[in-house]
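A.B. asks: One file: model.csv (CSV, N, CA and C atoms).
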```csv
chain,number,residue,atom,x,y,z
A,1218,MET,N,27.7,-21.4,26.8
A,1218,MET,CA,27.0,-22.3,25.9
A,1218,MET,C,27.0,-23.7,26.4
A,1219,ILE,N,27.3,-23.9,27.7
A,1219,ILE,CA,27.2,-25.2,28.3
A,1219,ILE,C,25.8,-25.6,28.6
A,1220,GLY,N,25.4,-26.8,28.1
A,1220,GLY,CA,24.1,-27.3,28.4
A,1220,GLY,C,23.0,-26.7,27.4
A,1221,GLY,N,23.4,-25.9,26.5
A,1221,GLY,CA,22.4,-25.3,25.6
A,1221,GLY,C,21.6,-24.2,26.1
A,1222,PHE,N,22.0,-23.6,27.3
A,1222,PHE,CA,21.2,-22.6,27.9
A,1222,PHE,C,21.4,-21.2,27.2
A,1223,SER,N,22.5,-21.0,26.6
A,1223,SER,CA,22.8,-19.7,26.1
A,1223,SER,C,23.3,-19.9,24.6
A,1224,THR,N,22.4,-20.1,23.7
A,1224,THR,CA,22.8,-20.4,22.3
A,1224,THR,C,22.8,-19.0,21.6
A,1225,PRO,N,23.7,-18.9,20.7
A,1225,PRO,CA,23.8,-17.6,20.0
A,1225,PRO,C,22.7,-17.5,18.9
A,1226,LYS,N,22.3,-16.3,18.7
A,1226,LYS,CA,21.2,-16.0,17.7
A,1226,LYS,C,21.9,-16.2,16.3
A,1227,LYS,N,21.2,-16.8,15.4
A,1227,LYS,CA,21.7,-17.0,14.0
A,1227,LYS,C,20.9,-16.3,13.0
A,1228,ASP,N,19.9,-15.5,13.4
A,1228,ASP,CA,19.0,-14.9,12.4
A,1228,ASP,C,19.3,-13.4,12.1
A,1229,ARG,N,20.5,-12.9,12.5
A,1229,ARG,CA,20.9,-11.6,12.2
A,1229,ARG,C,21.6,-11.5,10.8
A,1230,VAL,N,20.8,-11.3,9.8
A,1230,VAL,CA,21.3,-11.4,8.5
A,1230,VAL,C,20.5,-10.6,7.5
A,1231,MET,N,21.1,-10.2,6.4
A,1231,MET,CA,20.5,-9.6,5.2
A,1231,MET,C,19.8,-10.8,4.4
A,1232,LYS,N,18.6,-10.6,4.0
A,1232,LYS,CA,17.9,-11.7,3.3
A,1232,LYS,C,17.9,-11.4,1.8
A,1233,VAL,N,18.1,-10.1,1.4
A,1233,VAL,CA,18.2,-9.7,0.0
A,1233,VAL,C,19.4,-8.8,-0.3
A,1234,SER,N,19.7,-8.7,-1.6
A,1234,SER,CA,20.8,-7.8,-2.0
A,1234,SER,C,20.2,-6.8,-3.0
A,1235,GLY,N,21.0,-5.8,-3.4
A,1235,GLY,CA,20.6,-4.8,-4.3
A,1235,GLY,C,20.3,-5.3,-5.7
A,1236,GLY,N,19.2,-4.8,-6.3
A,1236,GLY,CA,18.8,-5.3,-7.6
A,1236,GLY,C,17.8,-6.5,-7.6
A,1237,GLN,N,17.6,-7.1,-6.5
A,1237,GLN,CA,16.7,-8.3,-6.4
A,1237,GLN,C,15.3,-7.8,-6.4
A,1238,LYS,N,14.4,-8.7,-7.0
A,1238,LYS,CA,13.0,-8.4,-7.0
A,1238,LYS,C,12.4,-9.0,-5.7
A,1239,VAL,N,11.5,-8.2,-5.1
A,1239,VAL,CA,10.8,-8.7,-3.8
A,1239,VAL,C,9.3,-8.6,-4.0
A,1240,LYS,N,8.6,-9.4,-3.2
A,1240,LYS,CA,7.2,-9.4,-3.1
A,1240,LYS,C,6.7,-8.5,-1.9
A,1241,ILE,N,5.4,-8.3,-1.9
A,1241,ILE,CA,4.8,-7.6,-0.8
A,1241,ILE,C,5.0,-8.4,0.5
A,1242,GLY,N,5.4,-7.9,1.6
A,1242,GLY,CA,5.6,-8.6,2.9
A,1242,GLY,C,6.8,-9.4,3.0
A,1243,GLN,N,7.7,-9.4,2.0
A,1243,GLN,CA,8.9,-10.2,2.1
A,1243,GLN,C,9.9,-9.6,3.1
A,1244,LEU,N,10.6,-10.4,3.8
A,1244,LEU,CA,11.5,-10.0,4.8
A,1244,LEU,C,12.8,-9.6,4.1
A,1245,LEU,N,13.3,-8.4,4.4
A,1245,LEU,CA,14.5,-7.9,3.8
A,1245,LEU,C,15.8,-8.0,4.6
A,1246,ALA,N,15.6,-7.7,5.9
A,1246,ALA,CA,16.7,-7.9,6.9
A,1246,ALA,C,16.2,-8.1,8.3
A,1247,ARG,N,16.9,-8.8,9.1
A,1247,ARG,CA,16.4,-9.0,10.5
A,1247,ARG,C,17.6,-8.8,11.4
A,1248,GLY,N,17.4,-8.0,12.4
A,1248,GLY,CA,18.4,-7.8,13.5
A,1248,GLY,C,19.7,-7.2,13.1
A,1249,VAL,N,19.7,-6.5,11.9
A,1249,VAL,CA,20.9,-5.8,11.4
A,1249,VAL,C,20.7,-4.3,11.7
A,1250,ASP,N,21.5,-3.7,12.6
A,1250,ASP,CA,21.4,-2.3,12.9
A,1250,ASP,C,22.0,-1.4,11.9
A,1251,LEU,N,22.8,-1.9,11.0
A,1251,LEU,CA,23.5,-1.1,10.0
A,1251,LEU,C,22.5,-0.5,9.0
A,1252,TYR,N,21.4,-1.1,8.7
A,1252,TYR,CA,20.5,-0.7,7.7
A,1252,TYR,C,19.2,-0.2,8.3
A,1253,LYS,N,18.7,0.9,7.7
A,1253,LYS,CA,17.4,1.6,8.2
A,1253,LYS,C,16.4,1.4,7.1
A,1254,ALA,N,15.1,1.6,7.5
A,1254,ALA,CA,14.0,1.5,6.6
A,1254,ALA,C,13.9,2.8,5.8
A,1255,GLY,N,13.8,2.6,4.4
A,1255,GLY,CA,13.7,3.7,3.5
A,1255,GLY,C,12.4,3.8,2.9
A,1256,ALA,N,12.3,4.1,1.6
A,1256,ALA,CA,11.1,4.2,0.8
A,1256,ALA,C,10.5,2.8,0.6
A,1257,ASN,N,9.2,2.7,0.9
A,1257,ASN,CA,8.4,1.4,0.8
A,1257,ASN,C,8.9,0.3,1.6
A,1258,VAL,N,9.6,0.6,2.8
A,1258,VAL,CA,10.1,-0.4,3.7
A,1258,VAL,C,9.6,0.0,5.1
A,1259,LYS,N,9.2,-1.1,5.9
A,1259,LYS,CA,8.7,-0.8,7.2
A,1259,LYS,C,9.4,-1.6,8.3
A,1260,GLY,N,9.5,-1.1,9.5
A,1260,GLY,CA,10.0,-1.8,10.6
A,1260,GLY,C,11.4,-1.4,11.1
A,1261,PRO,N,11.6,-1.3,12.4
A,1261,PRO,CA,12.9,-0.9,13.0
A,1261,PRO,C,13.8,-2.0,13.1
A,1262,GLY,N,13.4,-3.2,13.5
A,1262,GLY,CA,14.3,-4.4,13.6
A,1262,GLY,C,14.3,-5.3,12.5
A,1263,ALA,N,13.1,-5.8,12.1
A,1263,ALA,CA,12.9,-6.6,10.9
A,1263,ALA,C,12.3,-5.8,9.8
A,1264,LEU,N,13.1,-5.6,8.8
A,1264,LEU,CA,12.7,-4.7,7.7
A,1264,LEU,C,11.8,-5.5,6.7
A,1265,VAL,N,10.6,-5.0,6.4
A,1265,VAL,CA,9.7,-5.8,5.5
A,1265,VAL,C,9.3,-4.9,4.4
A,1266,ALA,N,9.1,-5.5,3.2
A,1266,ALA,CA,8.7,-4.8,2.0
A,1266,ALA,C,7.2,-4.4,2.0
A,1267,LEU,N,6.9,-3.2,1.7
A,1267,LEU,CA,5.5,-2.7,1.6
A,1267,LEU,C,4.9,-2.8,0.3
A,1268,CYS,N,5.7,-3.0,-0.8
A,1268,CYS,CA,5.2,-3.2,-2.1
A,1268,CYS,C,6.2,-4.1,-2.9
A,1269,ALA,N,5.7,-4.6,-4.0
A,1269,ALA,CA,6.6,-5.4,-4.9
A,1269,ALA,C,7.5,-4.5,-5.7
A,1270,GLY,N,8.7,-4.9,-6.0
A,1270,GLY,CA,9.6,-4.1,-6.8
A,1270,GLY,C,11.0,-4.5,-6.6
A,1271,ASN,N,12.0,-3.6,-7.0
A,1271,ASN,CA,13.4,-3.9,-6.9
A,1271,ASN,C,14.0,-3.2,-5.8
A,1272,VAL,N,15.0,-3.9,-5.1
A,1272,VAL,CA,15.7,-3.3,-4.0
A,1272,VAL,C,16.9,-2.5,-4.4
A,1273,TYR,N,17.0,-1.3,-3.7
A,1273,TYR,CA,18.2,-0.5,-3.9
A,1273,TYR,C,18.6,0.2,-2.6
A,1274,PHE,N,19.8,0.6,-2.5
A,1274,PHE,CA,20.4,1.1,-1.3
A,1274,PHE,C,20.7,2.6,-1.5
A,1275,THR,N,20.5,3.4,-0.5
A,1275,THR,CA,21.0,4.8,-0.5
A,1275,THR,C,21.8,5.1,0.8
A,1276,LYS,N,22.7,6.1,0.7
A,1276,LYS,CA,23.4,6.5,1.9
A,1276,LYS,C,23.2,8.0,2.2
A,1277,LYS,N,23.0,8.3,3.4
A,1277,LYS,CA,22.8,9.7,3.8
A,1277,LYS,C,23.6,10.0,5.1
A,1278,LYS,N,24.1,11.2,5.2
A,1278,LYS,CA,24.8,11.6,6.4
A,1278,LYS,C,23.9,12.2,7.4
A,1279,THR,N,24.1,11.9,8.7
A,1279,THR,CA,23.3,12.5,9.7
A,1279,THR,C,24.0,13.8,10.2
A,1280,SER,N,23.3,14.5,11.0
A,1280,SER,CA,23.8,15.8,11.5
A,1280,SER,C,25.1,15.6,12.4
A,1281,HIS,N,25.3,14.4,12.9
A,1281,HIS,CA,26.5,14.1,13.7
A,1281,HIS,C,27.6,13.6,12.9
A,1282,GLY,N,27.5,13.5,11.6
A,1282,GLY,CA,28.6,13.1,10.7
A,1282,GLY,C,28.6,11.6,10.4
A,1283,LYS,N,27.6,10.8,11.0
A,1283,LYS,CA,27.5,9.4,10.7
A,1283,LYS,C,26.9,9.1,9.4
A,1284,THR,N,27.3,8.1,8.7
A,1284,THR,CA,26.6,7.7,7.5
A,1284,THR,C,25.7,6.5,7.7
A,1285,ARG,N,24.4,6.7,7.3
A,1285,ARG,CA,23.4,5.7,7.4
A,1285,ARG,C,23.1,5.1,6.0
A,1286,THR,N,22.8,3.8,6.0
A,1286,THR,CA,22.5,3.1,4.8
A,1286,THR,C,21.0,2.7,4.9
A,1287,PHE,N,20.2,3.1,3.9
A,1287,PHE,CA,18.8,2.9,3.9
A,1287,PHE,C,18.5,1.9,2.8
A,1288,ILE,N,17.5,0.9,3.1
A,1288,ILE,CA,17.1,0.0,2.1
A,1288,ILE,C,15.8,0.5,1.6
A,1289,ASN,N,15.7,0.6,0.2
A,1289,ASN,CA,14.5,1.2,-0.4
A,1289,ASN,C,14.0,0.2,-1.5
A,1290,ILE,N,12.8,0.4,-1.9
A,1290,ILE,CA,12.2,-0.5,-2.9
A,1290,ILE,C,11.6,0.4,-4.0
A,1291,LYS,N,12.0,0.2,-5.2
A,1291,LYS,CA,11.4,0.9,-6.4
A,1291,LYS,C,10.3,0.1,-6.9
A,1292,PRO,N,9.0,0.6,-6.8
A,1292,PRO,CA,7.9,-0.2,-7.1
A,1292,PRO,C,7.8,-0.6,-8.6
A,1293,GLU,N,7.3,-1.8,-8.9
A,1293,GLU,CA,7.1,-2.2,-10.2
A,1293,GLU,C,5.9,-1.4,-10.8
A,1294,VAL,N,6.0,-1.0,-12.1
A,1294,VAL,CA,4.9,-0.4,-12.7
A,1294,VAL,C,4.1,-1.4,-13.5
A,1295,GLU,N,2.8,-1.5,-13.1
A,1295,GLU,CA,1.9,-2.5,-13.7
A,1295,GLU,C,1.3,-1.9,-15.0
A,1296,GLU,N,1.5,-2.6,-16.1
A,1296,GLU,CA,1.0,-2.1,-17.4
A,1296,GLU,C,-0.4,-2.6,-17.6
A,1297,THR,N,-1.3,-1.7,-18.0
A,1297,THR,CA,-2.7,-2.1,-18.3
A,1297,THR,C,-2.8,-2.4,-19.8
A,1298,VAL,N,-3.5,-3.5,-20.0
A,1298,VAL,CA,-3.7,-4.0,-21.4
A,1298,VAL,C,-5.1,-3.5,-21.9
A,1299,LYS,N,-5.1,-2.9,-23.0
A,1299,LYS,CA,-6.4,-2.4,-23.6
A,1299,LYS,C,-6.9,-3.3,-24.7
```
Transcribe the structure of this file into structure tokens.
C.D. replies:
Amino acid sequence: MIGGFSTPKKDRVMKVSGGQKVKIGQLLARGVDLYKAGANVKGPGALVALCAGNVYFTKKKTSHGKTRTFINIKPEVEETVK
């Protein structure tokens, strides 16, 4: 870190938590390898919302016995007014 040549990255973080409302295109997580893209979420490194709704997490076991955590979005239901 001498001279500022090798500065640590500070953007590896979760941007939202469970139950929060998100908009289309909102950043959910960046640089976090613990979370994978689930329903209505896109991207391997930076997870982005594909629709507006509420965030929730699910866990699944792989065939190798590892537990993976997926970030999902439950879409909002738009009511039509007659």
A.B. asks: For atom C of Val1258 in chain A and atom C of Asn1289 in chain A, determine how far apart the two atoms are, in Å to one decimal place.
C.D. replies: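 Atom C of Val1258 in chain A sits 7.9 Å away from atom C of Asn1289 in chain A.
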A.B. asks: List the neighbours of Pro1292 in chain A out to 6.5 Å using only N, CA and C atoms; skip same-chain residues closer than 5 positions along the sequence, and give me the result as a tab-separated table (two decimals) with N, CA and C atoms, in the frame of the given file.
C.D. replies:
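After the write, selection_24.tsv holds the following:
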```
chain	number	residue	atom	x	y	z
A	1268	CYS	N	5.70	-3.00	-0.80
A	1268	CYS	CA	5.20	-3.20	-2.10
A	1268	CYS	C	6.20	-4.10	-2.90
A	1269	ALA	N	5.70	-4.60	-4.00
A	1269	ALA	CA	6.60	-5.40	-4.90
A	1269	ALA	C	7.50	-4.50	-5.70
A	1270	GLY	N	8.70	-4.90	-6.00
A	1270	GLY	CA	9.60	-4.10	-6.80
A	1270	GLY	C	11.00	-4.50	-6.60
A	1271	ASN	N	12.00	-3.60	-7.00
A	1271	ASN	CA	13.40	-3.90	-6.90
A	1271	ASN	C	14.00	-3.20	-5.80
```
A.B. asks: Rounded to one decimal, what separation in Å do you get between CA of Tyr1252 in chain A and CA of Glu1293 in chain A?
C.D. replies: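 Between CA of Tyr1252 in chain A and CA of Glu1293 in chain A the gap works out to 22.4 Å.
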A.B. asks: Skip Gly1236 in chain A itself and residues of its chain fewer than 4 positions away, then list as a PyMOL selection string all residues within 7 Å of it, counting all atoms listed in the file.
C.D. replies: chain A and resi 1271-1274
A.B. asks: Write out the residues from the selection above, keeping N, CA and C atoms, as a PDB file, in the frame of the given file.
C.D. replies:
```
ATOM      1  N   ASN A1271      12.000  -3.600  -7.000  1.00  0.00           N
ATOM      2  CA  ASN A1271      13.400  -3.900  -6.900  1.00  0.00           C
ATOM      3  C   ASN A1271      14.000  -3.200  -5.800  1.00  0.00           C
ATOM      4  N   VAL A1272      15.000  -3.900  -5.100  1.00  0.00           N
ATOM      5  CA  VAL A1272      15.700  -3.300  -4.000  1.00  0.00           C
ATOM      6  C   VAL A1272      16.900  -2.500  -4.400  1.00  0.00           C
ATOM      7  N   TYR A1273      17.000  -1.300  -3.700  1.00  0.00           N
ATOM      8  CA  TYR A1273      18.200  -0.500  -3.900  1.00  0.00           C
ATOM      9  C   TYR A1273      18.600   0.200  -2.600  1.00  0.00           C
ATOM     10  N   PHE A1274      19.800   0.600  -2.500  1.00  0.00           N
ATOM     11  CA  PHE A1274      20.400   1.100  -1.300  1.00  0.00           C
ATOM     12  C   PHE A1274      20.700   2.600  -1.500  1.00  0.00           C
TER      13      PHE A1274
END
```
A.B. asks: With only C-alpha atoms as the atoms that count, which of A:Val1294, A:Val1239, A:Leu1245, A:Val1230 lies nearest to Lys1259 in chain A?
C.D. replies: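 Using only C-alpha atoms, the shortest distance to Lys1259 in chain A belongs to A:Leu1245.
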A.B. asks: How many Å lie between atom N of Lys1240 in chain A and atom C of Lys1277 in chain A, rounded to one decimal?
C.D. replies: 25.9 Å
A.B. asks: Env of Gly1248 in chain A: 5 Å cut, atoms = only N, CA and C atoms, seq-sep filter 6 positions within chain, self excluded. Answer as a PyMOL selection string.
C.D. replies: chain A and resi 1229+1262-1263
A.B. asks: I'd like to know which residues of chain A are strand (DSSP E or B) (by DSSP, run on the backbone); could you write them as a count of residues only?
C.D. replies: 35
A.B. asks: Which of these, A:Ile1288, A:Met1231, A:Glu1295, A:Lys1283, has the shortest distance to Gly1255 in chain A once you count only C-alpha atoms?
C.D. replies: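 Closest residue, counting only C-alpha atoms: A:Ile1288.
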A.B. asks: With distances taken over all atoms listed in the file, which of A:Val1249, A:Ala1266, A:Ala1256, A:Leu1244 is nearest to Phe1287 in chain A?
C.D. replies: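 Of all the options, A:Ala1256 lies closest to Phe1287 in chain A.
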